[in-house]
file query00.csv (CSV, C-alpha atoms)
chain,number,residue,atom,x,y,z
A,1,MET,CA,32.9,-4.8,-19.2
A,2,LYS,CA,29.7,-5.9,-20.9
A,3,TRP,CA,27.3,-3.7,-22.6
A,4,LYS,CA,23.8,-3.5,-21.1
A,5,PRO,CA,21.0,-1.4,-22.4
A,6,LYS,CA,19.6,1.3,-20.1
A,7,ILE,CA,16.0,0.5,-19.1
A,8,ILE,CA,14.0,3.6,-18.3
A,9,GLU,CA,10.9,3.3,-16.1
A,10,PRO,CA,8.0,5.2,-17.7
A,11,SER,CA,6.6,8.3,-15.9
A,12,LEU,CA,3.4,7.8,-13.8
A,13,CYS,CA,0.0,8.1,-15.4
A,14,ARG,CA,-3.4,9.3,-14.3
A,15,ILE,CA,-6.2,6.7,-14.1
A,16,TYR,CA,-9.6,7.6,-15.5
A,17,ILE,CA,-12.9,5.8,-15.6
A,18,ALA,CA,-15.8,6.4,-18.0
A,19,ALA,CA,-18.9,5.4,-16.0
A,20,LEU,CA,-21.9,4.5,-18.2
A,21,PHE,CA,-25.2,4.4,-16.4
A,22,ASP,CA,-29.0,5.1,-16.4
A,23,ASP,CA,-29.7,5.7,-12.7
A,24,LEU,CA,-27.8,8.7,-11.1
A,25,GLN,CA,-28.2,7.3,-7.6
A,26,ARG,CA,-26.7,4.0,-8.6
A,27,TYR,CA,-23.8,6.0,-10.2
A,28,PHE,CA,-23.2,7.7,-6.8
A,29,ASP,CA,-23.2,4.3,-5.0
A,30,VAL,CA,-20.6,3.0,-7.4
A,31,ARG,CA,-18.6,6.2,-7.2
A,32,GLN,CA,-18.4,5.8,-3.4
A,33,GLU,CA,-17.3,2.2,-3.8
A,34,LEU,CA,-14.6,3.2,-6.3
A,35,GLU,CA,-13.3,5.8,-3.9
A,36,SER,CA,-13.1,3.3,-1.1
A,37,ARG,CA,-11.2,0.7,-3.2
A,38,LEU,CA,-9.1,2.9,-5.6
A,39,GLY,CA,-8.5,6.1,-3.7
A,40,LYS,CA,-9.7,9.7,-3.6
A,41,ILE,CA,-11.5,11.0,-6.8
A,42,ASP,CA,-10.4,14.5,-7.6
A,43,TYR,CA,-11.9,14.9,-11.1
A,44,ASN,CA,-15.5,14.3,-12.0
A,45,THR,CA,-17.5,15.6,-15.0
A,46,GLU,CA,-21.2,16.3,-15.3
A,47,SER,CA,-23.3,13.7,-17.1
A,48,MET,CA,-23.0,13.6,-20.9
A,49,ASP,CA,-25.4,11.8,-23.2
A,50,SER,CA,-23.9,8.6,-24.3
A,51,ASP,CA,-25.9,8.2,-27.5
A,52,VAL,CA,-22.9,7.0,-29.5
A,53,LEU,CA,-21.1,5.0,-26.8
A,54,PRO,CA,-22.2,1.4,-26.9
A,55,SER,CA,-22.5,-0.7,-23.7
A,56,LEU,CA,-19.4,-2.7,-22.8
A,57,TYR,CA,-21.3,-5.9,-22.3
A,58,SER,CA,-24.5,-5.9,-24.2
A,59,ASN,CA,-26.4,-4.4,-27.1
A,60,ILE,CA,-28.3,-2.1,-24.8
A,61,SER,CA,-26.8,1.4,-24.6
A,62,ARG,CA,-26.6,3.5,-21.4
A,63,ARG,CA,-28.1,7.0,-21.4
A,64,HIS,CA,-25.3,8.8,-19.5
A,65,VAL,CA,-21.6,8.8,-19.0
A,66,ARG,CA,-19.4,10.6,-16.5
A,67,PHE,CA,-15.6,10.7,-16.4
A,68,LEU,CA,-13.8,10.6,-13.2
A,69,SER,CA,-10.1,10.4,-12.2
A,70,PHE,CA,-8.1,9.7,-9.1
A,71,GLU,CA,-5.8,11.9,-7.2
A,72,ARG,CA,-3.0,9.3,-6.8
A,73,PRO,CA,-0.7,9.0,-9.8
A,74,SER,CA,-0.3,5.4,-10.8
A,75,GLY,CA,2.1,3.1,-12.6
A,76,ARG,CA,0.9,2.1,-16.1
A,77,GLU,CA,1.3,-1.6,-15.1
A,78,GLU,CA,-1.5,-1.2,-12.5
A,79,ILE,CA,-4.1,-1.1,-15.2
A,80,VAL,CA,-4.7,-4.9,-15.2
A,81,ASP,CA,-5.2,-5.1,-11.4
A,82,LEU,CA,-7.4,-1.9,-11.5
A,83,LYS,CA,-9.5,-3.4,-14.3
A,84,LYS,CA,-10.1,-6.5,-12.2
A,85,LYS,CA,-11.2,-4.3,-9.3
A,86,THR,CA,-13.6,-2.4,-11.5
A,87,ILE,CA,-15.1,-5.7,-12.7
A,88,ALA,CA,-15.6,-6.7,-9.1
A,89,ILE,CA,-17.5,-3.4,-8.5
A,90,GLU,CA,-19.6,-3.9,-11.6
A,91,THR,CA,-20.4,-7.4,-10.3
A,92,LYS,CA,-21.3,-6.2,-6.9
A,93,PHE,CA,-23.8,-3.6,-8.3
A,94,GLN,CA,-25.7,-5.6,-10.8
A,95,SER,CA,-29.4,-6.3,-11.5
A,96,GLU,CA,-30.8,-9.0,-13.6
A,97,GLY,CA,-27.4,-10.3,-14.5
A,98,ARG,CA,-26.2,-6.9,-15.9
A,99,PRO,CA,-24.0,-4.2,-14.2
A,100,GLN,CA,-26.0,-1.1,-13.2
A,101,VAL,CA,-23.0,1.0,-13.9
A,102,GLU,CA,-20.4,0.0,-16.5
A,103,LEU,CA,-16.8,1.1,-15.8
A,104,ASP,CA,-14.6,1.8,-18.8
A,105,LEU,CA,-11.0,2.1,-17.3
A,106,GLY,CA,-7.9,3.6,-18.8
A,107,TYR,CA,-5.0,5.9,-18.2
A,108,VAL,CA,-3.6,9.3,-19.4
A,109,THR,CA,0.1,10.0,-19.9
A,110,GLU,CA,1.8,13.1,-21.2
A,111,PHE,CA,1.7,11.7,-24.7
A,112,SER,CA,-1.3,9.3,-25.0
A,113,VAL,CA,-4.6,8.1,-23.7
A,114,VAL,CA,-5.0,4.3,-23.3
A,115,LYS,CA,-8.2,2.4,-22.7
A,116,SER,CA,-8.5,-1.1,-21.3
A,117,SER,CA,-10.5,-3.8,-22.9
A,118,LEU,CA,-11.5,-7.5,-22.3
A,119,GLU,CA,-11.6,-8.2,-26.0
A,120,ASP,CA,-8.9,-8.7,-28.6
A,121,GLY,CA,-8.7,-6.7,-31.8
A,122,PHE,CA,-6.2,-5.8,-34.5
A,123,HIS,CA,-5.5,-2.5,-32.7
A,124,ARG,CA,-5.2,-3.8,-29.2
A,125,ILE,CA,-2.2,-5.1,-27.3
A,126,TYR,CA,-2.5,-8.0,-24.9
A,127,LEU,CA,-1.2,-7.1,-21.4
A,128,TYR,CA,-1.9,-10.1,-19.1
A,129,GLY,CA,-4.7,-11.6,-17.1
A,130,GLY,CA,-7.2,-11.3,-20.0
A,131,VAL,CA,-6.8,-7.5,-20.3
A,132,PHE,CA,-5.9,-5.7,-23.5
A,133,ALA,CA,-4.9,-2.1,-24.1
A,134,GLU,CA,-5.9,0.3,-26.9
A,135,THR,CA,-4.6,3.8,-27.7
A,136,LEU,CA,-7.4,6.3,-28.1
A,137,TYR,CA,-5.4,9.5,-28.5
A,138,THR,CA,-1.9,10.7,-29.2
A,139,TYR,CA,-0.6,14.2,-28.2
A,140,GLU,CA,0.1,16.3,-31.3
A,141,ASN,CA,0.1,20.1,-31.9
A,142,TYR,CA,-0.4,20.8,-28.2
A,143,ARG,CA,-3.6,18.7,-27.8
A,144,PHE,CA,-4.8,15.1,-27.9
A,145,GLU,CA,-5.9,13.9,-31.3
A,146,PRO,CA,-8.0,10.7,-31.7
A,147,VAL,CA,-6.2,7.9,-33.5
A,148,ARG,CA,-7.7,6.3,-36.6
A,149,GLY,CA,-10.6,3.9,-35.7
A,150,VAL,CA,-11.3,5.4,-32.3
A,151,PRO,CA,-15.0,4.9,-31.3
A,152,ALA,CA,-17.2,7.8,-32.4
A,153,PHE,CA,-18.0,8.8,-28.8
A,154,TYR,CA,-14.3,9.4,-28.0
A,155,SER,CA,-14.1,11.8,-31.0
A,156,ARG,CA,-16.6,14.2,-29.5
A,157,LYS,CA,-15.2,17.6,-28.7
A,158,GLU,CA,-16.3,17.6,-25.1
A,159,VAL,CA,-14.7,14.1,-24.5
A,160,VAL,CA,-11.4,15.2,-26.1
A,161,THR,CA,-11.5,18.2,-23.7
A,162,VAL,CA,-11.8,15.9,-20.7
A,163,PHE,CA,-8.6,14.1,-21.7
A,164,ASN,CA,-6.8,17.4,-22.4
A,165,ASP,CA,-7.8,18.6,-18.9
A,166,LEU,CA,-6.6,15.3,-17.3
A,167,ARG,CA,-3.3,15.7,-19.2
A,168,HIS,CA,-2.9,19.2,-17.9
A,169,ILE,CA,-3.5,18.1,-14.3
A,170,LEU,CA,-1.0,15.2,-14.7
A,171,CYS,CA,1.7,17.4,-16.1
A,172,ALA,CA,1.2,20.1,-13.4
A,173,VAL,CA,1.6,17.4,-10.7
A,174,GLN,CA,4.7,15.9,-12.3
A,175,LYS,CA,6.6,19.2,-12.5
call {"tool": "encode", "arguments": {"input": "query00.csv", "output": "structure tokens"}}
result
Amino acid sequence: MKWKPKIIEPSLCRIYIAALFDDLQRYFDVRQELESRLGKIDYNTESMDSDVLPSLYSNISRRHVRFLSFERPSGREEIVDLKKKTIAIETKFQSEGRPQVELDLGYVTEFSVVKSSLEDGFHRIYLYGGVFAETLYTYENYRFEPVRGVPAFYSRKEVVTVFNDLRHILCAVQK
């Protein structure tokens, strides 16, 4: 008999999107498109000022950000395909060669929050298809704590609360 390591599939995650925008109506148009392509949205925050969250694609910042999440639990490996779908939506809703709503996608697990990126960096891990992953928070002392080097916006108390809420929803569904 040969030895073979036991490979354990990770638990499902909860997909989130931070939507950066200036025009609320355009946000609602994109939200509707997200729901038709990615499934039912069951979590949505009110607008937060995004004064410290830079644009994903340019030097021009967006005024507002809202977080949303989907009812269907997902596999972590889906993040690459979902990132490509959000890019297609950004491309569909653009003006003057720039997305009208920028979609910053990631996932929440019981122990961490991961954000996708299209850029390499010392703190990012390459997945495939041009998509990288970066850990924003780890779960310590009964709450998510930002990791060293997390963008300032993600250190804001109200943003950390969003991810703690999403973790709570995920854990309640998995039990």
call {"tool": "residues_around", "arguments": {"input": "query00.csv", "residues": "region 88-99 of chain A", "least_positions_apart": "2", "cutoff": "10 Å", "atoms": "only C-alpha atoms", "output": "mmCIF file with C-alpha atoms, in the frame of the given file"}}
result
data_model
loop_
_atom_site.group_PDB
_atom_site.id
_atom_site.type_symbol
_atom_site.label_atom_id
_atom_site.label_comp_id
_atom_site.auth_asym_id
_atom_site.auth_seq_id
_atom_site.Cartn_x
_atom_site.Cartn_y
_atom_site.Cartn_z
ATOM 1 C CA LEU A 20 -21.900 4.500 -18.200
ATOM 2 C CA PHE A 21 -25.200 4.400 -16.400
ATOM 3 C CA ARG A 26 -26.700 4.000 -8.600
ATOM 4 C CA TYR A 27 -23.800 6.000 -10.200
ATOM 5 C CA ASP A 29 -23.200 4.300 -5.000
ATOM 6 C CA VAL A 30 -20.600 3.000 -7.400
ATOM 7 C CA ARG A 31 -18.600 6.200 -7.200
ATOM 8 C CA GLU A 33 -17.300 2.200 -3.800
ATOM 9 C CA LEU A 34 -14.600 3.200 -6.300
ATOM 10 C CA ARG A 37 -11.200 0.700 -3.200
ATOM 11 C CA LEU A 56 -19.400 -2.700 -22.800
ATOM 12 C CA TYR A 57 -21.300 -5.900 -22.300
ATOM 13 C CA SER A 58 -24.500 -5.900 -24.200
ATOM 14 C CA LEU A 82 -7.400 -1.900 -11.500
ATOM 15 C CA LYS A 83 -9.500 -3.400 -14.300
ATOM 16 C CA LYS A 84 -10.100 -6.500 -12.200
ATOM 17 C CA LYS A 85 -11.200 -4.300 -9.300
ATOM 18 C CA THR A 86 -13.600 -2.400 -11.500
ATOM 19 C CA VAL A 101 -23.000 1.000 -13.900
ATOM 20 C CA GLU A 102 -20.400 0.000 -16.500
ATOM 21 C CA LEU A 103 -16.800 1.100 -15.800
#
call {"tool": "closest_residue", "arguments": {"input": "query00.csv", "among": "A:Ile7, A:Ala19, A:Cys13, A:Val150", "to": "Ser112 (chain A)", "atoms": "only C-alpha atoms"}}
result
A:Cys13
call {"tool": "atom_distance", "arguments": {"input": "query00.csv", "atom1": "CA of Thr161 (chain A)", "atom2": "CA of Leu68 (chain A)"}}
result
13.2 Å
call {"tool": "atom_distance", "arguments": {"input": "query00.csv", "atom1": "CA of Glu78 (chain A)", "atom2": "CA of Val159 (chain A)"}}
result
23.5 Å
call {"tool": "closest_residue", "arguments": {"input": "query00.csv", "among": "A:Arg148, A:His64, A:Arg156, A:His123", "to": "Asp23 (chain A)", "atoms": "all atoms listed in the file"}}
result
A:His64
call {"tool": "atom_distance", "arguments": {"input": "query00.csv", "atom1": "CA of Tyr107 (chain A)", "atom2": "CA of Ile79 (chain A)"}}
result
7.7 Å
call {"tool": "residues_around", "arguments": {"input": "query00.csv", "residues": "Arg14 (chain A)", "least_positions_apart": "2", "cutoff": "10 Å", "atoms": "all atoms listed in the file", "output": "PDB file with C-alpha atoms, keeping the file's coordinate frame"}}
result
ATOM      1  CA  LEU A  12       3.400   7.800 -13.800  1.00  0.00           C
ATOM      2  CA  TYR A  16      -9.600   7.600 -15.500  1.00  0.00           C
ATOM      3  CA  SER A  69     -10.100  10.400 -12.200  1.00  0.00           C
ATOM      4  CA  PHE A  70      -8.100   9.700  -9.100  1.00  0.00           C
ATOM      5  CA  GLU A  71      -5.800  11.900  -7.200  1.00  0.00           C
ATOM      6  CA  ARG A  72      -3.000   9.300  -6.800  1.00  0.00           C
ATOM      7  CA  PRO A  73      -0.700   9.000  -9.800  1.00  0.00           C
ATOM      8  CA  SER A  74      -0.300   5.400 -10.800  1.00  0.00           C
ATOM      9  CA  GLY A  75       2.100   3.100 -12.600  1.00  0.00           C
ATOM     10  CA  ARG A  76       0.900   2.100 -16.100  1.00  0.00           C
ATOM     11  CA  GLY A 106      -7.900   3.600 -18.800  1.00  0.00           C
ATOM     12  CA  TYR A 107      -5.000   5.900 -18.200  1.00  0.00           C
ATOM     13  CA  VAL A 108      -3.600   9.300 -19.400  1.00  0.00           C
ATOM     14  CA  THR A 109       0.100  10.000 -19.900  1.00  0.00           C
ATOM     15  CA  GLU A 110       1.800  13.100 -21.200  1.00  0.00           C
ATOM     16  CA  VAL A 113      -4.600   8.100 -23.700  1.00  0.00           C
ATOM     17  CA  LEU A 166      -6.600  15.300 -17.300  1.00  0.00           C
ATOM     18  CA  ARG A 167      -3.300  15.700 -19.200  1.00  0.00           C
ATOM     19  CA  ILE A 169      -3.500  18.100 -14.300  1.00  0.00           C
ATOM     20  CA  LEU A 170      -1.000  15.200 -14.700  1.00  0.00           C
ATOM     21  CA  CYS A 171       1.700  17.400 -16.100  1.00  0.00           C
TER      22      CYS A 171
END
call {"tool": "residues_around", "arguments": {"input": "query00.csv", "residues": "Tyr128 (chain A)", "least_positions_apart": "4", "cutoff": "10 Å", "atoms": "all atoms listed in the file", "output": "tab-separated table (two decimals) with C-alpha atoms, keeping the file's coordinate frame"}}
result
chain	number	residue	atom	x	y	z
A	77	GLU	CA	1.30	-1.60	-15.10
A	80	VAL	CA	-4.70	-4.90	-15.20
A	81	ASP	CA	-5.20	-5.10	-11.40
A	132	PHE	CA	-5.90	-5.70	-23.50
A	133	ALA	CA	-4.90	-2.10	-24.10
call {"tool": "residues_around", "arguments": {"input": "query00.csv", "residues": "Val147 (chain A)", "least_positions_apart": "4", "cutoff": "12 Å", "atoms": "only C-alpha atoms", "output": "VMD selection string"}}
result
chain A and resid 112 to 114 123 134 to 140 151 to 152 154 to 155 160
call {"tool": "build_atoms", "arguments": {"input": "query00.csv", "residues": "region 120-138 of chain A", "atoms": "N, CA and C atoms", "output": "PDB file, in the frame of the given file"}}
result
ATOM      1  N   ASP A 120      -9.979  -8.889 -27.652  1.00  0.00           N
ATOM      2  CA  ASP A 120      -8.900  -8.700 -28.600  1.00  0.00           C
ATOM      3  C   ASP A 120      -9.328  -7.996 -29.811  1.00  0.00           C
ATOM      4  N   GLY A 121      -8.409  -7.420 -30.519  1.00  0.00           N
ATOM      5  CA  GLY A 121      -8.700  -6.700 -31.800  1.00  0.00           C
ATOM      6  C   GLY A 121      -7.393  -6.373 -32.446  1.00  0.00           C
ATOM      7  N   PHE A 122      -7.454  -6.052 -33.732  1.00  0.00           N
ATOM      8  CA  PHE A 122      -6.200  -5.800 -34.500  1.00  0.00           C
ATOM      9  C   PHE A 122      -5.474  -4.574 -33.935  1.00  0.00           C
ATOM     10  N   HIS A 123      -6.154  -3.688 -33.247  1.00  0.00           N
ATOM     11  CA  HIS A 123      -5.500  -2.500 -32.700  1.00  0.00           C
ATOM     12  C   HIS A 123      -5.272  -2.520 -31.248  1.00  0.00           C
ATOM     13  N   ARG A 124      -5.438  -3.694 -30.629  1.00  0.00           N
ATOM     14  CA  ARG A 124      -5.200  -3.800 -29.200  1.00  0.00           C
ATOM     15  C   ARG A 124      -4.000  -4.681 -28.899  1.00  0.00           C
ATOM     16  N   ILE A 125      -3.389  -4.379 -27.769  1.00  0.00           N
ATOM     17  CA  ILE A 125      -2.200  -5.100 -27.300  1.00  0.00           C
ATOM     18  C   ILE A 125      -2.567  -5.877 -26.072  1.00  0.00           C
ATOM     19  N   TYR A 126      -2.211  -7.153 -26.052  1.00  0.00           N
ATOM     20  CA  TYR A 126      -2.500  -8.000 -24.900  1.00  0.00           C
ATOM     21  C   TYR A 126      -1.496  -7.625 -23.773  1.00  0.00           C
ATOM     22  N   LEU A 127      -2.013  -7.396 -22.557  1.00  0.00           N
ATOM     23  CA  LEU A 127      -1.200  -7.100 -21.400  1.00  0.00           C
ATOM     24  C   LEU A 127      -0.940  -8.429 -20.647  1.00  0.00           C
ATOM     25  N   TYR A 128      -1.872  -8.822 -19.821  1.00  0.00           N
ATOM     26  CA  TYR A 128      -1.900 -10.100 -19.100  1.00  0.00           C
ATOM     27  C   TYR A 128      -3.214 -10.225 -18.388  1.00  0.00           C
ATOM     28  N   GLY A 129      -3.539 -11.414 -17.914  1.00  0.00           N
ATOM     29  CA  GLY A 129      -4.700 -11.600 -17.100  1.00  0.00           C
ATOM     30  C   GLY A 129      -6.042 -11.370 -17.863  1.00  0.00           C
ATOM     31  N   GLY A 130      -6.006 -11.520 -19.186  1.00  0.00           N
ATOM     32  CA  GLY A 130      -7.200 -11.300 -20.000  1.00  0.00           C
ATOM     33  C   GLY A 130      -7.519  -9.871 -20.313  1.00  0.00           C
ATOM     34  N   VAL A 131      -6.577  -8.962 -20.058  1.00  0.00           N
ATOM     35  CA  VAL A 131      -6.800  -7.500 -20.300  1.00  0.00           C
ATOM     36  C   VAL A 131      -5.929  -7.058 -21.458  1.00  0.00           C
ATOM     37  N   PHE A 132      -6.566  -6.283 -22.327  1.00  0.00           N
ATOM     38  CA  PHE A 132      -5.900  -5.700 -23.500  1.00  0.00           C
ATOM     39  C   PHE A 132      -5.859  -4.177 -23.313  1.00  0.00           C
ATOM     40  N   ALA A 133      -5.024  -3.517 -24.082  1.00  0.00           N
ATOM     41  CA  ALA A 133      -4.900  -2.100 -24.100  1.00  0.00           C
ATOM     42  C   ALA A 133      -5.037  -1.525 -25.480  1.00  0.00           C
ATOM     43  N   GLU A 134      -5.634  -0.349 -25.584  1.00  0.00           N
ATOM     44  CA  GLU A 134      -5.900   0.300 -26.900  1.00  0.00           C
ATOM     45  C   GLU A 134      -5.601   1.770 -26.769  1.00  0.00           C
ATOM     46  N   THR A 135      -4.831   2.336 -27.663  1.00  0.00           N
ATOM     47  CA  THR A 135      -4.600   3.800 -27.700  1.00  0.00           C
ATOM     48  C   THR A 135      -5.750   4.503 -28.289  1.00  0.00           C
ATOM     49  N   LEU A 136      -6.262   5.505 -27.567  1.00  0.00           N
ATOM     50  CA  LEU A 136      -7.400   6.300 -28.100  1.00  0.00           C
ATOM     51  C   LEU A 136      -6.884   7.628 -28.692  1.00  0.00           C
ATOM     52  N   TYR A 137      -5.858   8.250 -28.061  1.00  0.00           N
ATOM     53  CA  TYR A 137      -5.400   9.500 -28.500  1.00  0.00           C
ATOM     54  C   TYR A 137      -3.841   9.575 -28.428  1.00  0.00           C
ATOM     55  N   THR A 138      -3.263  10.381 -29.282  1.00  0.00           N
ATOM     56  CA  THR A 138      -1.900  10.700 -29.200  1.00  0.00           C
ATOM     57  C   THR A 138      -1.778  12.255 -29.068  1.00  0.00           C
TER      58      THR A 138
END
